[in-house]
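K.L.:
Compact mmCIF, C-alpha atoms and all ligand atoms, saved as data_7.txt, coming up:
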```
# COMPACT_ATOMS: atom_id res chain seq x y z
CA MET A 1 -0.46 -2.18 33.04
CA SER A 2 1.16 -2.31 36.46
CA GLU A 3 3.89 -4.81 35.64
CA SER A 4 6.87 -3.69 33.63
CA SER A 5 7.00 -5.00 30.09
CA ASP A 6 10.54 -6.10 30.95
CA GLN A 7 9.34 -8.47 33.64
CA GLU A 8 10.62 -11.98 33.08
CA VAL A 9 7.69 -14.40 32.94
CA LEU A 10 9.56 -17.50 31.91
CA ARG A 11 13.09 -18.78 31.99
CA LEU A 12 14.26 -22.18 30.84
CA ALA A 13 17.76 -23.30 31.73
CA ASP A 14 19.21 -26.39 30.06
CA LEU A 15 15.82 -28.05 29.99
CA ARG A 16 15.73 -31.69 28.87
CA LYS A 17 12.87 -34.07 28.26
CA SER A 18 12.81 -37.78 27.54
CA TYR A 19 9.97 -40.15 26.84
CA ASN A 20 9.71 -43.82 27.85
CA VAL A 21 12.13 -43.30 30.71
CA GLY A 22 13.59 -46.56 32.02
CA GLU A 23 12.41 -48.55 29.01
CA PRO A 24 14.49 -49.82 26.08
CA THR A 25 12.71 -47.28 23.91
CA GLN A 26 13.79 -44.32 26.09
CA ILE A 27 14.47 -41.30 23.91
CA GLU A 28 15.53 -37.75 24.66
CA ILE A 29 13.33 -35.30 22.74
CA LEU A 30 14.52 -31.92 24.06
CA HIS A 31 18.28 -31.55 24.39
CA GLY A 32 18.97 -28.62 26.66
CA ILE A 33 16.67 -25.68 25.97
CA ASP A 34 17.57 -22.17 27.15
CA LEU A 35 14.93 -19.51 26.68
CA THR A 36 13.68 -16.35 28.36
CA LEU A 37 10.34 -14.66 27.75
CA ARG A 38 9.34 -11.23 29.04
CA ARG A 39 5.91 -9.69 29.27
CA ARG A 40 6.31 -7.69 26.08
CA ASP A 41 7.30 -10.76 24.04
CA PHE A 42 5.10 -11.85 21.18
CA ALA A 43 6.90 -14.88 19.88
CA ALA A 44 6.32 -17.64 17.36
CA LEU A 45 7.66 -21.14 17.97
CA ILE A 46 8.22 -22.87 14.64
CA GLY A 47 9.91 -26.05 13.45
CA PRO A 48 9.23 -29.26 11.56
CA SER A 49 6.63 -31.72 12.71
CA GLY A 50 8.13 -33.90 15.45
CA SER A 51 10.78 -31.35 16.42
CA GLY A 52 9.40 -31.10 19.97
CA LYS A 53 7.23 -27.98 19.90
CA SER A 54 4.25 -29.49 21.71
CA THR A 55 6.53 -31.28 24.16
CA LEU A 56 8.16 -27.94 24.98
CA LEU A 57 4.84 -26.16 25.32
CA ASN A 58 3.54 -28.82 27.70
CA LEU A 59 6.64 -28.36 29.88
CA ILE A 60 6.29 -24.59 29.85
CA GLY A 61 2.61 -24.94 30.69
CA LEU A 62 3.53 -27.10 33.72
CA LEU A 63 1.48 -29.96 32.30
CA ASP A 64 4.55 -32.17 32.17
CA GLN A 65 7.89 -32.33 33.99
CA PRO A 66 11.39 -32.12 32.50
CA ALA A 67 14.03 -34.81 32.99
CA SER A 68 16.52 -32.15 34.07
CA GLY A 69 17.17 -28.45 33.95
CA GLU A 70 15.14 -25.67 35.52
CA LEU A 71 12.00 -23.86 34.55
CA LEU A 72 11.23 -20.59 36.28
CA VAL A 73 7.82 -18.94 36.14
CA LEU A 74 7.81 -15.30 37.24
CA GLY A 75 11.20 -15.91 38.79
CA GLN A 76 10.05 -18.91 40.77
CA ALA A 77 11.82 -22.24 40.24
CA THR A 78 9.30 -25.01 39.55
CA SER A 79 11.40 -28.20 39.77
CA GLY A 80 10.79 -28.93 43.43
CA LEU A 81 7.17 -27.84 43.59
CA GLU A 82 4.45 -30.09 44.91
CA ASP A 83 1.66 -30.93 42.49
CA SER A 84 -0.83 -28.67 44.24
CA ARG A 85 1.54 -25.70 43.99
CA ARG A 86 2.23 -26.43 40.32
CA THR A 87 -1.48 -26.55 39.62
CA GLN A 88 -1.99 -23.29 41.47
CA LEU A 89 0.88 -21.58 39.68
CA ARG A 90 -0.45 -22.83 36.34
CA ALA A 91 -3.96 -21.65 37.09
CA HIS A 92 -2.81 -18.18 38.09
CA THR A 93 -0.13 -17.41 35.56
CA ILE A 94 -0.65 -19.41 32.38
CA GLY A 95 -3.37 -19.36 29.76
CA PHE A 96 -3.69 -22.05 27.08
CA VAL A 97 -5.20 -22.20 23.65
CA PHE A 98 -5.00 -25.51 21.80
CA GLN A 99 -5.72 -26.41 18.19
CA PHE A 100 -8.92 -28.03 19.31
CA HIS A 101 -10.59 -25.84 21.84
CA HIS A 102 -11.92 -28.48 24.25
CA LEU A 103 -14.91 -26.40 25.29
CA ILE A 104 -17.36 -28.07 27.65
CA GLU A 105 -20.50 -28.89 25.67
CA ALA A 106 -22.89 -28.64 28.60
CA PHE A 107 -21.71 -25.13 29.48
CA THR A 108 -22.58 -21.82 27.89
CA ALA A 109 -19.95 -19.62 26.26
CA LEU A 110 -19.76 -17.44 29.37
CA GLU A 111 -19.46 -20.45 31.70
CA ASN A 112 -16.69 -21.87 29.52
CA VAL A 113 -14.83 -18.57 29.68
CA LEU A 114 -15.09 -18.46 33.48
CA MET A 115 -14.13 -22.12 33.91
CA PRO A 116 -10.38 -21.70 34.68
CA TRP A 117 -11.24 -19.14 37.34
CA MET A 118 -14.04 -21.26 38.81
CA VAL A 119 -11.74 -24.26 39.19
CA THR A 120 -9.83 -22.52 41.98
CA ASN A 121 -12.36 -19.93 43.18
CA GLY A 122 -15.80 -21.48 42.90
CA LYS A 123 -18.91 -19.58 41.93
CA PRO A 124 -18.21 -16.32 40.09
CA ASP A 125 -19.34 -13.07 41.68
CA LYS A 126 -20.71 -10.06 39.81
CA ARG A 127 -17.25 -8.66 39.19
CA MET A 128 -16.08 -11.91 37.55
CA LEU A 129 -19.26 -12.25 35.49
CA ASP A 130 -18.66 -8.74 34.19
CA TRP A 131 -15.04 -9.56 33.40
CA GLY A 132 -16.08 -12.74 31.55
CA ARG A 133 -18.61 -10.75 29.56
CA SER A 134 -16.07 -8.07 28.69
CA LEU A 135 -13.73 -10.77 27.38
CA LEU A 136 -16.51 -12.24 25.24
CA ASP A 137 -17.16 -8.73 24.01
CA ALA A 138 -13.46 -8.31 23.21
CA VAL A 139 -13.49 -11.45 21.06
CA GLY A 140 -16.62 -10.28 19.26
CA LEU A 141 -19.11 -12.57 20.98
CA ALA A 142 -21.01 -10.15 23.18
CA ASN A 143 -24.33 -11.59 22.06
CA SER A 144 -23.41 -15.24 22.45
CA GLU A 145 -22.79 -15.58 26.17
CA GLY A 146 -25.73 -17.96 26.66
CA LYS A 147 -24.98 -20.16 23.67
CA LYS A 148 -23.64 -23.68 23.95
CA PRO A 149 -20.53 -24.62 21.91
CA ARG A 150 -22.59 -26.57 19.33
CA GLU A 151 -24.55 -23.39 18.56
CA LEU A 152 -21.33 -21.60 17.60
CA SER A 153 -19.16 -21.88 14.47
CA GLY A 154 -15.65 -23.32 14.69
CA GLY A 155 -14.12 -19.85 14.61
CA GLN A 156 -16.49 -18.62 17.31
CA GLN A 157 -15.66 -21.61 19.49
CA GLN A 158 -11.97 -20.86 19.13
CA ARG A 159 -12.62 -17.25 20.12
CA VAL A 160 -14.39 -18.49 23.25
CA ALA A 161 -11.27 -20.56 23.95
CA VAL A 162 -9.12 -17.43 23.60
CA ALA A 163 -11.33 -15.52 26.03
CA ARG A 164 -11.17 -18.49 28.42
CA ALA A 165 -7.37 -18.51 28.27
CA LEU A 166 -7.30 -14.89 29.39
CA VAL A 167 -9.86 -14.96 32.18
CA THR A 168 -7.27 -15.30 34.94
CA ARG A 169 -5.18 -12.45 33.44
CA PRO A 170 -2.24 -14.78 32.86
CA ALA A 171 1.29 -13.45 32.59
CA LEU A 172 1.89 -15.93 29.79
CA LEU A 173 -0.39 -17.10 27.01
CA LEU A 174 0.56 -20.36 25.30
CA ALA A 175 -1.03 -21.37 22.04
CA ASP A 176 -0.35 -24.65 20.23
CA GLU A 177 -1.40 -24.30 16.58
CA PRO A 178 -4.41 -22.26 17.68
CA THR A 179 -5.41 -21.34 14.14
CA GLY A 180 -4.46 -24.63 12.49
CA ASN A 181 -8.08 -25.63 12.34
CA LEU A 182 -9.48 -22.32 11.06
CA ASP A 183 -9.87 -20.67 7.67
CA THR A 184 -7.48 -17.83 6.85
CA ARG A 185 -9.78 -14.96 7.74
CA THR A 186 -10.89 -16.43 11.04
CA ALA A 187 -7.27 -17.30 11.81
CA GLU A 188 -6.24 -13.69 11.24
CA GLY A 189 -8.98 -12.52 13.59
CA VAL A 190 -7.76 -14.83 16.35
CA PHE A 191 -4.18 -13.75 15.76
CA LYS A 192 -5.17 -10.09 16.10
CA LEU A 193 -6.75 -10.93 19.46
CA PHE A 194 -3.46 -12.34 20.73
CA ARG A 195 -1.74 -9.20 19.53
CA ARG A 196 -4.23 -7.00 21.28
CA PHE A 197 -4.04 -8.84 24.59
CA ASN A 198 -0.26 -8.80 24.44
CA GLU A 199 -0.35 -5.03 24.10
CA GLU A 200 -3.26 -4.23 26.39
CA MET A 201 -2.86 -6.82 29.16
CA GLY A 202 0.89 -7.17 28.92
CA CYS A 203 0.82 -10.93 28.71
CA ALA A 204 3.69 -12.65 26.94
CA VAL A 205 2.53 -14.75 24.00
CA LEU A 206 4.21 -17.91 22.73
CA LEU A 207 2.49 -19.23 19.67
CA VAL A 208 3.26 -22.52 17.91
CA THR A 209 2.47 -22.25 14.25
CA HIS A 210 3.13 -24.00 10.95
CA ASP A 211 2.19 -20.90 9.04
CA PRO A 212 5.30 -18.92 7.96
CA ARG A 213 3.22 -15.80 7.38
CA LEU A 214 1.82 -15.92 10.88
CA ALA A 215 5.31 -16.48 12.29
CA GLN A 216 6.65 -13.48 10.41
CA SER A 217 3.85 -11.36 11.89
CA CYS A 218 5.25 -12.04 15.38
CA ASP A 219 8.01 -9.92 16.91
CA ARG A 220 10.27 -12.82 17.63
CA VAL A 221 10.75 -16.18 15.94
CA ILE A 222 12.13 -19.18 17.80
CA GLU A 223 12.91 -22.22 15.68
CA LEU A 224 13.18 -25.72 17.06
CA VAL A 225 14.83 -28.51 15.06
CA ASP A 226 15.36 -31.99 16.50
CA GLY A 227 14.82 -30.75 20.04
CA ARG A 228 17.25 -27.84 19.87
CA ILE A 229 16.70 -24.13 19.38
CA VAL A 230 18.52 -23.31 16.16
CA ARG A 231 17.24 -19.76 15.77
CA ASP A 232 15.88 -17.09 18.09
CA GLU A 233 15.64 -13.70 16.51
CA VAL A 234 13.72 -10.50 16.67
CA SER A 235 11.82 -10.16 13.42
CA LYS A 236 10.49 -6.67 13.89
CA ALA A 237 11.63 -3.62 15.83
CA ARG A 238 9.12 -2.53 18.44
N1 LIG A 301 3.95 -39.25 24.92
C1 LIG A 301 4.96 -39.52 24.07
N2 LIG A 301 5.66 -40.68 24.17
C2 LIG A 301 6.69 -40.94 23.33
N3 LIG A 301 7.11 -40.12 22.35
C3 LIG A 301 6.45 -38.94 22.20
C4 LIG A 301 5.34 -38.59 23.05
N4 LIG A 301 4.88 -37.37 22.66
C5 LIG A 301 5.66 -36.99 21.63
N5 LIG A 301 6.59 -37.93 21.36
C6 LIG A 301 7.64 -37.84 20.32
O1 LIG A 301 8.39 -36.67 20.58
C7 LIG A 301 8.78 -36.03 19.39
C8 LIG A 301 8.30 -34.58 19.42
O2 LIG A 301 6.88 -34.55 19.39
P1 LIG A 301 6.06 -33.20 19.50
O3 LIG A 301 6.55 -32.46 20.68
O4 LIG A 301 4.62 -33.55 19.44
O5 LIG A 301 6.53 -32.44 18.17
P2 LIG A 301 5.84 -31.24 17.37
O6 LIG A 301 4.80 -30.63 18.24
O7 LIG A 301 6.97 -30.32 17.06
O8 LIG A 301 5.28 -31.84 16.13
C9 LIG A 301 8.18 -36.83 18.24
O9 LIG A 301 9.18 -37.70 17.75
C10 LIG A 301 7.07 -37.60 18.92
O10 LIG A 301 6.86 -38.83 18.27
MG MG A 302 2.74 -30.28 17.98
```
Output the file's structure in the form of structure tokens.

P.N.:
Amino acid sequence: MSESSDQEVLRLADLRKSYNVGEPTQIEILHGIDLTLRRRDFAALIGPSGSGKSTLLNLIGLLDQPASGELLVLGQATSGLEDSRRTQLRAHTIGFVFQFHHLIEAFTALENVLMPWMVTNGKPDKRMLDWGRSLLDAVGLANSEGKKPRELSGGQQQRVAVARALVTRPALLLADEPTGNLDTRTAEGVFKLFRRFNEEMGCAVLLVTHDPRLAQSCDRVIELVDGRIVRDEVSKAR
């Protein structure tokens, strides 16, 4: 790993988010979030349903814009960025895994994995094909590269989604209830993958989960209640 595990990948400063802006139903959902994540971080984001976890993850993932406050990715402020720069920054630095994997049905497992890279770079060369294959291998799907999503089980599809999230070697991996749809054993397998990539690739992991056991297996637990961070503690010495 060339980057220091201390490197700051994300900083949120007094971040606020409202929905229905300018309408009578306008409502502030996130009320001033401060948070820093470094490369070594392996953190769970927990909190009751409706507390704002997905809203926060969408902001961090540059899929949505805050009402106020600043969000820095790798030290770079994002508030004034043009859309094309935001998209570029997202593509290069952030990997996503959602509860439902959103794989492309017409594409093979390998093509799905390479997709985020192909969006900005076009046709993959030999080096990228090899990298995509090694990721499929790492998630235990070395023999499935030519299979379409419908030929894979739910757990296998989610593992393809994990490999896809890592193909650009992101500094930050975001996962919104990534195992919510999986049985316990498959969920544990996916969780172990996050762990491994955090350690081997040095990508910070922020994982939304409902599962208290999963949260306790992370190194840090951040709890959101009613749009405020009410707890942020290290749960295990590293
Ligand atoms: N697009 C939207 N428009 C209006 N309200 C929304 C929208 N998305 C989420 N909300 C509201 O924001 C609050 C937080 O939602 P969400 O971030 O999905 O919470 P969580 O992921 O913690 O369950 C909820 O009250 C939800 O109803
Ligand atoms: Mg949610």

K.L.:
What's the 12 Å shell around His101 in chain A, counting all atoms listed in the file, without same-chain residues fewer than 3 positions away, as number ranges by chain?

P.N.:
A: 96-98, 104-105, 112-113, 149, 153-165, 175-182

K.L.:
Measure the distance from atom N3 of ligand LIG 301 (chain A) to CA of Leu103 in chain A in Å and round it to one decimal.

P.N.:
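Separation of atom N3 of ligand LIG 301 (chain A) and CA of Leu103 in chain A: 26.1 Å.
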
K.L.:
Between CA of Lys123 in chain A and CA of Asn143 in chain A, measure the distance and give it in Å to one decimal.

P.N.:
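Separation between CA of Lys123 in chain A and CA of Asn143 in chain A: 22.1 Å.
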
K.L.:
Please check which residues have atoms at most 7 Å from (10.1, -30.7, 19.6) in the file's coordinates, counting only C-alpha atoms, and write them as an mmCIF file with C-alpha atoms, keeping the file's coordinate frame.

P.N.:
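Everything below was put into selection-v6.cif:
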```
data_model
loop_
_atom_site.group_PDB
_atom_site.id
_atom_site.type_symbol
_atom_site.label_atom_id
_atom_site.label_comp_id
_atom_site.auth_asym_id
_atom_site.auth_seq_id
_atom_site.Cartn_x
_atom_site.Cartn_y
_atom_site.Cartn_z
ATOM 1 C CA ILE A 29 13.330 -35.300 22.740
ATOM 2 C CA LEU A 30 14.520 -31.920 24.060
ATOM 3 C CA GLY A 50 8.130 -33.900 15.450
ATOM 4 C CA SER A 51 10.780 -31.350 16.420
ATOM 5 C CA GLY A 52 9.400 -31.100 19.970
ATOM 6 C CA LYS A 53 7.230 -27.980 19.900
ATOM 7 C CA SER A 54 4.250 -29.490 21.710
ATOM 8 C CA THR A 55 6.530 -31.280 24.160
ATOM 9 C CA LEU A 56 8.160 -27.940 24.980
ATOM 10 C CA LEU A 224 13.180 -25.720 17.060
ATOM 11 C CA VAL A 225 14.830 -28.510 15.060
ATOM 12 C CA ASP A 226 15.360 -31.990 16.500
ATOM 13 C CA GLY A 227 14.820 -30.750 20.040
#
```

K.L.:
List the neighbours of Leu72 in chain A out to 6 Å using only C-alpha atoms; skip same-chain residues closer than 6 positions along the sequence, and give me the result as a list in words.

P.N.:
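Surrounding residues, per the criterion: Leu10, Arg11 and Thr78 of chain A.
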
K.L.:
For CA of Thr120 in chain A and CA of His92 in chain A, determine how far apart the two atoms are, in Å to one decimal place.

P.N.:
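Computing it gives 9.1 Å between the two atoms.
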
K.L.:
Would you list the contacts of range 211-220 of chain A as a list of chain:residue names, taking every protein, DNA or RNA residue within 7 Å and counting all atoms listed in the file, but skipping same-chain residues closer than 5 positions in sequence?

P.N.:
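Surrounding residues, per the criterion: A:Phe42, A:Ala43, A:Ala44, A:Glu233, A:Val234, A:Ser235, A:Lys236.
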
K.L.:
Go through A:Leu152, A:Ala13, A:Met118, A:Leu45 one by one, measure the shortest atom-to-atom distance of each to ligand MG 302 (chain A) using only C-alpha atoms and all ligand atoms, and give the residue with the smallest value.

P.N.:
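The shortest atom-to-atom distance to ligand MG 302 (chain A) comes from A:Leu45.
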
K.L.:
What would the list of residues within 6 Å of (-22.9, -14.9, 28.2) (file frame) look like as a ChimeraX atom specification, if all atoms listed in the file are what count?

P.N.:
/A:109-110,144-146

K.L.:
Pick out the closest residue to ligand MG 302 (chain A) from this set: A:Glu28, A:Val205, A:Leu35, A:His210. Count only C-alpha atoms and all ligand atoms.

P.N.:
A:His210
